[in-house]
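Dumped work-v2.csv below, it's CSV, C-alpha atoms and all ligand atoms:
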```csv
chain,number,residue,atom,x,y,z
J,289,MET,CA,-43.6,-5.3,-37.7
J,290,VAL,CA,-45.8,-2.4,-38.7
J,291,LEU,CA,-47.9,-2.8,-41.8
J,292,ILE,CA,-48.6,0.4,-43.6
J,293,ARG,CA,-50.9,0.3,-46.5
J,294,MET,CA,-49.4,2.5,-49.3
J,295,ARG,CA,-51.8,3.2,-52.1
J,296,GLY,CA,-52.8,-0.4,-52.3
J,297,TRP,CA,-49.7,-2.2,-51.2
J,298,LEU,CA,-48.3,-3.0,-47.9
J,299,MET,CA,-45.2,-1.4,-46.4
J,300,THR,CA,-43.2,-2.6,-43.5
J,301,THR,CA,-41.4,-0.5,-40.9
J,302,GLN,CA,-38.1,-1.8,-42.3
J,303,MET,CA,-39.0,-0.3,-45.7
J,304,LEU,CA,-40.1,2.9,-44.0
J,305,PHE,CA,-36.8,3.4,-42.2
J,306,ALA,CA,-34.3,2.2,-44.8
J,307,THR,CA,-35.0,3.2,-48.4
J,308,PRO,CA,-32.9,1.4,-51.0
J,309,THR,CA,-30.8,3.9,-52.9
J,310,SER,CA,-30.9,4.3,-56.6
J,311,ASP,CA,-27.4,5.7,-56.5
J,312,LYS,CA,-25.3,3.9,-59.1
J,313,GLY,CA,-22.3,4.5,-56.8
J,314,SER,CA,-23.8,2.1,-54.3
J,315,ALA,CA,-22.5,-0.9,-56.1
J,316,ILE,CA,-23.2,-3.4,-53.4
J,317,GLY,CA,-26.8,-2.1,-53.0
J,318,ILE,CA,-26.6,-1.1,-49.4
J,319,PRO,CA,-29.8,0.7,-48.6
J,320,ARG,CA,-29.2,4.3,-47.4
J,321,PRO,CA,-31.4,5.7,-44.6
J,322,PRO,CA,-34.1,7.9,-46.0
J,323,THR,CA,-33.9,11.7,-45.6
J,324,LEU,CA,-36.3,13.4,-43.2
J,325,LEU,CA,-38.3,14.7,-46.1
J,326,GLU,CA,-38.5,11.2,-47.6
J,327,LEU,CA,-39.7,9.9,-44.3
J,328,ALA,CA,-42.3,12.6,-44.0
J,329,SER,CA,-43.5,11.9,-47.5
J,330,GLN,CA,-43.7,8.1,-46.8
J,331,LEU,CA,-45.7,8.7,-43.6
J,332,LEU,CA,-48.1,10.9,-45.5
J,333,SER,CA,-48.6,8.5,-48.4
J,334,SER,CA,-49.4,5.7,-46.1
J,335,ASP,CA,-52.7,4.4,-44.8
J,336,PHE,CA,-51.6,3.5,-41.3
J,337,ARG,CA,-53.7,1.3,-39.0
J,338,ALA,CA,-52.5,0.8,-35.4
J,339,ASP,CA,-52.7,-2.9,-34.4
J,340,SER,CA,-51.1,-5.3,-32.0
J,341,ALA,CA,-48.4,-6.3,-34.5
J,342,ILE,CA,-46.9,-2.8,-34.5
J,343,ASP,CA,-43.2,-2.6,-33.8
J,344,TRP,CA,-43.3,0.3,-31.4
J,345,GLY,CA,-39.5,-0.1,-30.9
J,346,LYS,CA,-39.1,1.9,-34.1
J,347,LEU,CA,-40.6,5.1,-32.5
J,348,PRO,CA,-37.6,6.2,-30.5
J,349,GLY,CA,-35.4,6.0,-33.6
J,350,LEU,CA,-37.8,8.1,-35.5
J,351,ILE,CA,-38.1,10.7,-32.8
J,352,SER,CA,-34.3,10.8,-32.5
J,353,LYS,CA,-33.9,11.3,-36.2
J,354,GLY,CA,-36.3,14.2,-36.3
J,355,THR,CA,-35.0,16.0,-33.2
J,356,SER,CA,-31.3,15.6,-34.0
J,357,ALA,CA,-31.9,16.9,-37.5
J,358,ILE,CA,-33.7,20.0,-36.5
J,359,ALA,CA,-31.3,20.7,-33.5
J,360,THR,CA,-28.3,20.3,-35.8
J,361,ALA,CA,-29.9,22.6,-38.4
J,362,TYR,CA,-30.4,25.3,-35.9
J,363,GLU,CA,-27.0,24.9,-34.4
J,364,SER,CA,-25.2,25.0,-37.7
J,365,GLU,CA,-27.4,28.0,-39.0
J,366,ASP,CA,-27.0,26.3,-42.4
J,367,SER,CA,-29.7,27.5,-44.7
J,368,ALA,CA,-29.9,24.2,-46.7
J,369,LEU,CA,-30.3,22.1,-43.5
J,370,LEU,CA,-32.8,24.5,-42.0
J,371,HIS,CA,-34.8,24.3,-45.3
J,372,ASP,CA,-34.7,20.5,-45.3
J,373,VAL,CA,-36.1,20.2,-41.7
J,374,HIS,CA,-38.7,22.9,-42.1
J,375,HIS,CA,-39.8,21.4,-45.5
J,376,ALA,CA,-40.3,18.0,-43.8
J,377,LEU,CA,-42.1,19.6,-40.9
J,378,TYR,CA,-44.3,21.6,-43.2
J,379,MET,CA,-45.3,18.4,-45.0
J,380,LEU,CA,-46.1,16.6,-41.7
J,381,GLN,CA,-48.3,19.6,-40.6
J,382,SER,CA,-50.1,19.7,-43.9
J,383,ALA,CA,-51.9,16.5,-42.8
J,384,HIS,CA,-54.0,18.9,-40.5
J,385,PHE,CA,-55.4,20.5,-43.6
J,386,ALA,CA,-55.7,17.5,-45.9
J,387,SER,CA,-58.9,16.8,-47.8
J,388,PRO,CA,-60.6,13.7,-46.4
J,389,ASP,CA,-60.1,11.8,-49.7
J,390,ASP,CA,-56.3,12.6,-49.6
J,391,VAL,CA,-54.3,9.7,-48.3
J,392,ALA,CA,-52.4,12.2,-46.0
J,393,ALA,CA,-55.6,12.6,-44.0
J,394,ALA,CA,-55.3,9.0,-42.8
J,395,SER,CA,-51.9,9.7,-41.2
J,396,GLN,CA,-52.9,13.0,-39.4
J,397,PHE,CA,-52.9,11.2,-36.1
J,398,SER,CA,-50.9,8.1,-36.8
J,399,PRO,CA,-48.5,7.5,-34.0
J,400,PHE,CA,-45.5,7.7,-36.2
J,401,THR,CA,-46.6,11.0,-37.8
J,402,VAL,CA,-47.5,12.5,-34.5
J,403,ALA,CA,-44.2,11.4,-32.9
J,404,LEU,CA,-42.1,12.9,-35.7
J,405,ARG,CA,-44.1,16.1,-36.0
J,406,SER,CA,-44.5,16.8,-32.3
J,407,SER,CA,-40.9,16.2,-31.5
J,408,MET,CA,-39.7,18.5,-34.2
J,409,GLU,CA,-42.2,21.2,-33.2
J,410,ASP,CA,-41.0,20.9,-29.6
J,411,VAL,CA,-37.3,21.4,-30.6
J,412,MET,CA,-38.2,24.4,-32.9
J,413,ILE,CA,-40.2,26.1,-30.1
J,414,ASP,CA,-37.7,25.4,-27.3
J,415,ARG,CA,-34.9,26.7,-29.6
J,416,MET,CA,-36.8,29.9,-30.3
J,417,LEU,CA,-37.8,30.4,-26.6
J,418,SER,CA,-34.2,30.0,-25.5
J,419,LYS,CA,-33.3,33.1,-27.4
J,420,LEU,CA,-36.0,35.4,-26.1
J,421,GLU,CA,-35.5,38.0,-23.4
J,422,LEU,CA,-38.8,38.9,-21.8
J,423,ASP,CA,-39.8,41.0,-18.8
J,424,GLU,CA,-40.7,38.8,-15.9
J,425,ALA,CA,-43.4,41.1,-14.4
J,426,VAL,CA,-46.0,42.9,-16.6
J,427,ASP,CA,-48.8,45.0,-15.1
J,428,GLN,CA,-50.9,46.0,-18.0
J,429,LEU,CA,-50.7,43.0,-20.4
J,430,GLY,CA,-52.6,44.7,-23.3
J,431,SER,CA,-50.5,47.8,-23.3
J,432,ALA,CA,-47.3,45.8,-22.8
J,433,ILE,CA,-48.2,43.7,-25.9
J,434,ARG,CA,-48.8,46.9,-28.0
J,435,GLU,CA,-45.5,48.2,-26.8
J,436,GLN,CA,-43.7,44.9,-27.5
J,437,VAL,CA,-45.0,45.0,-31.1
J,438,ARG,CA,-44.3,48.7,-31.6
J,439,GLN,CA,-40.7,48.4,-30.4
J,440,HIS,CA,-39.8,45.2,-32.3
J,441,PRO,CA,-38.0,45.5,-35.7
J,442,ALA,CA,-40.9,43.5,-37.3
J,443,GLY,CA,-43.4,46.2,-36.1
J,444,ALA,CA,-42.4,48.8,-38.8
J,445,HIS,CA,-40.2,46.7,-41.1
J,446,ARG,CA,-38.2,48.1,-44.0
J,447,LEU,CA,-39.8,45.5,-46.2
J,448,PHE,CA,-43.0,47.5,-46.3
J,449,ASP,CA,-41.2,50.8,-46.9
J,450,HIS,CA,-39.6,49.1,-49.9
J,451,LEU,CA,-43.0,47.9,-51.1
J,452,GLU,CA,-44.4,51.3,-50.7
J,453,GLN,CA,-41.7,53.4,-52.3
J,454,ARG,CA,-39.6,51.3,-54.7
J,455,ALA,CA,-40.9,47.7,-55.4
J,456,SER,CA,-41.7,46.8,-59.0
J,457,VAL,CA,-44.9,44.9,-60.1
J,458,ALA,CA,-42.7,41.7,-60.2
J,459,GLU,CA,-41.6,42.3,-56.6
J,460,ILE,CA,-45.2,43.0,-55.4
J,461,ARG,CA,-46.3,39.8,-57.2
J,462,LEU,CA,-43.5,37.8,-55.4
J,463,PHE,CA,-44.6,39.3,-52.0
J,464,PHE,CA,-48.2,38.1,-52.7
J,465,GLU,CA,-47.0,34.6,-53.7
J,466,SER,CA,-44.8,34.4,-50.6
J,467,ASP,CA,-47.7,35.5,-48.4
J,468,ALA,CA,-50.2,33.1,-49.9
J,469,ARG,CA,-50.0,29.9,-47.9
J,470,LEU,CA,-50.4,31.5,-44.5
J,471,ASN,CA,-53.2,33.9,-45.7
J,472,GLU,CA,-55.1,31.0,-47.2
J,473,ARG,CA,-54.8,28.9,-44.1
J,474,PHE,CA,-55.5,31.6,-41.6
J,475,PHE,CA,-59.2,30.9,-41.4
J,476,ASP,CA,-58.6,27.3,-40.4
J,477,LEU,CA,-55.8,28.3,-38.0
J,478,LEU,CA,-58.2,30.7,-36.3
J,479,ALA,CA,-60.9,27.9,-36.1
J,480,MET,CA,-58.3,25.7,-34.4
J,481,CYS,CA,-57.7,28.4,-31.8
J,482,LEU,CA,-61.5,28.7,-31.2
J,483,VAL,CA,-61.7,25.2,-29.8
J,484,GLY,CA,-61.6,25.1,-26.0
J,485,THR,CA,-62.2,28.8,-25.4
J,486,SER,CA,-65.0,30.2,-23.3
J,487,GLY,CA,-66.8,33.4,-22.4
J,488,THR,CA,-65.8,36.6,-24.2
J,489,ALA,CA,-62.9,34.8,-25.9
J,490,LYS,CA,-65.2,32.4,-27.7
J,491,THR,CA,-67.4,35.3,-28.8
J,492,GLU,CA,-64.5,37.3,-30.0
J,493,LEU,CA,-63.0,34.5,-32.0
J,494,ALA,CA,-66.4,33.6,-33.5
J,495,ALA,CA,-66.7,37.3,-34.6
J,496,ASN,CA,-63.3,37.1,-36.2
J,497,LEU,CA,-64.3,33.9,-38.0
J,498,TRP,CA,-67.4,35.6,-39.3
J,499,ASP,CA,-65.3,38.4,-40.7
J,500,GLU,CA,-63.0,35.8,-42.3
J,501,ALA,CA,-66.1,34.2,-43.8
J,502,GLY,CA,-67.1,37.6,-45.4
J,503,ARG,CA,-69.9,38.0,-42.9
J,504,GLY,CA,-71.9,35.4,-44.8
J,505,ASN,CA,-70.9,36.5,-48.3
J,506,ASN,CA,-68.4,34.1,-49.8
J,507,ALA,CA,-67.3,36.7,-52.4
J,508,ARG,CA,-66.1,38.9,-49.4
J,509,GLY,CA,-64.5,35.9,-47.6
J,510,HIS,CA,-60.8,36.5,-46.9
J,511,VAL,CA,-59.6,33.3,-48.6
J,512,HIS,CA,-61.5,34.3,-51.7
J,513,LEU,CA,-60.3,38.0,-51.6
J,514,PHE,CA,-56.7,36.8,-51.3
J,515,SER,CA,-57.1,34.5,-54.3
J,516,GLU,CA,-58.5,37.4,-56.3
J,517,ALA,CA,-55.6,39.7,-55.2
J,518,LEU,CA,-53.1,37.0,-56.2
J,519,ALA,CA,-54.8,36.4,-59.6
J,520,ALA,CA,-54.9,40.2,-60.3
J,521,VAL,CA,-51.1,40.4,-60.2
J,522,GLY,CA,-50.7,37.2,-62.2
J,523,GLY,CA,-49.4,35.4,-59.1
J,524,ARG,CA,-49.3,31.6,-58.7
J,525,GLU,CA,-50.9,29.6,-55.9
J,526,PRO,CA,-48.4,27.7,-53.8
J,527,THR,CA,-47.9,24.1,-54.6
J,528,ILE,CA,-46.0,21.1,-53.2
J,529,GLU,CA,-43.5,21.7,-55.9
J,530,SER,CA,-43.0,25.4,-55.2
J,531,LEU,CA,-42.1,24.7,-51.6
J,532,ALA,CA,-38.5,23.8,-52.7
J,533,SER,CA,-38.0,27.5,-53.8
J,534,TRP,CA,-39.3,29.0,-50.5
J,535,GLU,CA,-36.8,30.5,-48.2
J,536,TRP,CA,-36.5,28.4,-45.0
J,537,GLN,CA,-37.7,31.4,-42.9
J,538,ALA,CA,-41.0,31.4,-44.8
J,539,LEU,CA,-41.5,27.7,-44.0
J,540,ALA,CA,-40.5,28.3,-40.4
J,541,GLY,CA,-43.0,31.1,-40.0
J,542,HIS,CA,-45.8,28.9,-41.3
J,543,ASN,CA,-44.6,25.9,-39.2
J,544,LEU,CA,-44.6,28.0,-36.0
J,545,PHE,CA,-48.1,29.3,-36.7
J,546,VAL,CA,-49.4,25.7,-37.2
J,547,ALA,CA,-47.5,24.3,-34.2
J,548,LEU,CA,-49.0,26.8,-31.8
J,549,CYS,CA,-52.5,26.8,-33.2
J,550,SER,CA,-52.9,23.0,-33.5
J,551,ASN,CA,-51.5,22.0,-30.1
J,552,ARG,CA,-53.7,22.4,-27.0
J,553,LYS,CA,-50.6,22.8,-24.8
J,554,HIS,CA,-49.6,25.9,-26.8
J,555,THR,CA,-53.0,27.6,-26.7
J,556,PHE,CA,-51.9,30.6,-24.6
J,557,ARG,CA,-48.9,31.1,-26.9
J,558,ALA,CA,-51.3,30.9,-29.9
J,559,MET,CA,-53.4,33.7,-28.4
J,560,GLY,CA,-50.3,35.9,-28.2
J,561,LEU,CA,-49.2,35.0,-31.7
J,562,MET,CA,-52.7,35.8,-33.1
J,563,ALA,CA,-52.9,39.1,-31.2
J,564,ALA,CA,-49.4,40.1,-32.5
J,565,THR,CA,-50.5,39.3,-36.1
J,566,GLU,CA,-53.6,41.5,-35.8
J,567,LEU,CA,-51.5,44.4,-34.4
J,568,LEU,CA,-48.7,44.0,-36.9
J,569,ASP,CA,-50.6,44.1,-40.1
J,570,PRO,CA,-52.7,47.3,-40.5
J,571,PRO,CA,-49.9,50.0,-40.7
J,572,GLN,CA,-47.7,47.7,-42.9
J,573,TYR,CA,-50.5,46.8,-45.2
J,574,SER,CA,-51.3,50.5,-45.7
J,575,LYS,CA,-47.8,50.9,-47.1
J,576,LEU,CA,-48.3,47.9,-49.4
J,577,ILE,CA,-51.5,49.4,-50.8
J,578,GLN,CA,-49.6,52.7,-51.5
J,579,GLY,CA,-47.0,50.6,-53.4
J,580,CYS,CA,-49.8,49.0,-55.5
J,581,ARG,CA,-51.2,52.4,-56.3
J,582,ARG,CA,-47.8,53.7,-57.2
J,583,VAL,CA,-47.1,51.0,-59.9
J,584,GLY,CA,-50.7,51.2,-61.2
J,585,LEU,CA,-52.0,47.9,-59.7
J,586,PRO,CA,-55.6,47.8,-58.5
J,587,VAL,CA,-56.0,48.1,-54.7
J,588,PRO,CA,-56.1,44.6,-53.4
J,589,GLU,CA,-59.2,44.3,-51.3
J,590,TYR,CA,-57.8,41.5,-49.2
J,591,TYR,CA,-55.2,44.0,-47.8
J,592,SER,CA,-57.5,47.1,-47.7
J,593,GLU,CA,-60.0,45.0,-45.7
J,594,HIS,CA,-57.3,44.0,-43.2
J,595,VAL,CA,-56.1,47.6,-42.8
J,596,GLU,CA,-59.6,48.4,-41.4
J,597,ILE,CA,-60.7,45.3,-39.7
J,598,ASP,CA,-57.5,44.2,-38.0
J,599,VAL,CA,-57.5,47.4,-36.0
J,600,VAL,CA,-60.8,46.2,-34.6
J,601,HIS,CA,-59.5,42.6,-34.2
J,602,GLY,CA,-56.3,43.7,-32.5
J,603,SER,CA,-58.2,45.5,-29.8
J,604,GLY,CA,-60.7,42.7,-29.6
J,605,TRP,CA,-58.0,40.1,-29.0
J,606,LEU,CA,-56.4,42.2,-26.3
J,607,ASP,CA,-59.6,43.2,-24.4
J,608,ASN,CA,-61.8,40.2,-24.9
J,609,VAL,CA,-59.4,37.2,-25.2
J,610,ILE,CA,-56.1,38.0,-23.6
J,611,ALA,CA,-57.2,40.2,-20.6
J,612,PRO,CA,-59.8,37.7,-19.3
J,613,LEU,CA,-57.4,34.8,-19.8
J,614,ALA,CA,-54.7,36.5,-17.8
J,615,ARG,CA,-57.1,37.5,-15.1
J,616,SER,CA,-58.5,34.0,-14.6
J,617,ASN,CA,-55.1,32.3,-15.0
J,618,PRO,CA,-52.1,34.4,-14.1
J,619,ARG,CA,-49.7,31.8,-15.4
J,620,ALA,CA,-51.1,32.3,-18.9
J,621,ALA,CA,-49.6,35.8,-19.2
J,622,ARG,CA,-46.1,34.5,-19.5
J,623,HIS,CA,-47.1,32.1,-22.3
J,624,ILE,CA,-49.1,34.8,-24.1
J,625,LEU,CA,-46.1,37.2,-24.1
J,626,GLU,CA,-43.9,34.3,-25.4
J,627,GLY,CA,-46.4,33.8,-28.3
J,628,VAL,CA,-46.2,37.5,-29.2
J,629,ALA,CA,-42.4,37.4,-29.1
J,630,LEU,CA,-42.3,34.1,-31.2
J,631,ARG,CA,-44.4,35.6,-33.9
J,632,LEU,CA,-42.4,38.9,-33.9
J,633,GLU,CA,-39.1,37.0,-34.2
J,634,SER,CA,-40.3,34.7,-37.0
J,635,CYS,CA,-41.8,37.7,-38.8
J,636,ARG,CA,-38.6,39.6,-38.5
J,637,ASP,CA,-36.6,36.7,-40.0
J,638,TYR,CA,-39.1,36.2,-42.8
J,639,TYR,CA,-39.3,40.0,-43.6
J,640,ASP,CA,-35.5,40.4,-43.6
J,641,THR,CA,-35.2,37.5,-46.0
J,642,LEU,CA,-38.0,38.5,-48.3
J,643,LEU,CA,-36.7,42.1,-48.5
J,644,ARG,CA,-33.3,40.7,-49.6
J,645,LYS,CA,-35.0,38.5,-52.2
J,646,LEU,CA,-37.1,41.3,-53.6
J,647,GLN,CA,-34.1,43.6,-53.8
J,648,SER,CA,-32.1,40.9,-55.6
J,649,ILE,CA,-34.8,40.6,-58.4
J,650,GLY,CA,-35.3,44.4,-58.5
J,651,SER,CA,-31.7,45.2,-59.0
M,701,FE,FE,-58.4,37.7,-42.6
M,702,FE,FE,-57.9,39.9,-38.4
```
So that I can check it, write out the structure of this file as structure tokens.
Amino acid sequence: MVLIRMRGWLMTTQMLFATPTSDKGSAIGIPRPPTLLELASQLLSSDFRADSAIDWGKLPGLISKGTSAIATAYESEDSALLHDVHHALYMLQSAHFASPDDVAAASQFSPFTVALRSSMEDVMIDRMLSKLELDEAVDQLGSAIREQVRQHPAGAHRLFDHLEQRASVAEIRLFFESDARLNERFFDLLAMCLVGTSGTAKTELAANLWDEAGRGNNARGHVHLFSEALAAVGGREPTIESLASWEWQALAGHNLFVALCSNRKHTFRAMGLMAATELLDPPQYSKLIQGCRRVGLPVPEYYSEHVEIDVVHGSGWLDNVIAPLARSNPRAARHILEGVALRLESCRDYYDTLLRKLQSIGS
């Protein structure tokens, strides 16, 4: 039996996998199985130590629960189910960013957390890949990626036309709040991508990180600039509680980013995802800035900085990271293109949903 130390008390695997219900309707007190979100929360609130007494037989059941839940959610296209699974996965991934004195840090690499998180990430990625249609042979990878971004609906999305021409202050605030988590984690995600690179790729990523760090001036660091932009519109920082009100597409976009950047096996895809992000943002952020001016808001420096610098970063990723990678490893090209497409698809879903949400509060 696994012993899991939960904030000073011991928990068994039986307790982990069958949570007694507090439902009054359960007159005979039969424990109901925990939801995926409850399981994720329990794993993250546990100080797990692997030892010889562990009941490894519980692992297949855990993996099966996670994979069948996420597969069912995608098959049903049910927003509530998709929200549940992505909320649980978001929580499990948050262990990568936990403060060392947060109990969640102890479970970052516990076998049960890894098993549940990895299996769910694999299903999500396989599911998204199965829907992609990509050219098999690509000659000029850099120009093919630019074209891929330019032609995709996410590349010049109506969301940013709306922000430029019609959105109210309240809608712009909601956009900032919705964008917050990924913007504030981007520095760390980039740092994850840096590990294991070599040559010009390492230099390029280090230069990107230096820009993220405000080139040595914390007041110009991107995390700081974003916090200022959010505060300037009266926006709230994301919290564990606010996750419940996120659209599932926002959670899924975050989860895809973390899955690709934190897993070595997805490194080539992560490079494509990052390059797509740098290419996507400058023209769309220009429209957002025009929208801020139109409603009398100060120009958010976080976004104006990215209009300028992401043009440089976009070329840098293509020329100094992706081109050398594809030259030295021809098999990498396919994964890089997949990473670009995965980012574009998740952005399109997220932008579509966010536009509908903004229009609903604006009308
Ligand atoms: Fe940045
Ligand atoms: Fe950038």
Subject >> Expected selection as a ChimeraX atom specification for ligand FE 702 (chain M) within 10 Å, only C-alpha atoms and all ligand atoms >> reply: /J:474-475,478,493,495-497,499-500,510,562-563,565-567,569-570,593-602,604-605
**OP:** May I ask for the distance between atom CA of J:Leu632 and atom CA of J:Ala442, given in Å to one decimal place?
**Re:**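 Computing the Euclidean distance for atom CA of J:Leu632 and atom CA of J:Ala442 yields 5.9 Å.
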Subject >> All residues 9 Å or closer to J:Leu470, all atoms listed in the file, same chain fewer than 3 positions away omitted, as a PyMOL selection string >> reply: chain J and resi 466-467+473-474+541-542+545
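Closest approach to J:Val511 from the set J:Met379, J:Leu324, J:Met408, J:Ala468 is made by J:Ala468, with distances taken over all atoms listed in the file.
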Original post:
Which one of J:Ala394, J:Leu513, J:Val583, J:Ala540 sits closest to ligand FE 701 (chain M) if you count all atoms listed in the file?
Top reply: J:Leu513
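Take atom CA of J:Ser333 and atom CA of J:Ala392: the distance between them is 5.8 Å.
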**OP:** Could you check which of J:Arg557, J:Ile318, J:Ser407, J:Leu531 is closest to J:His623, using all atoms listed in the file?
**Re:**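 Among the listed residues, J:Arg557 lies closest to J:His623.
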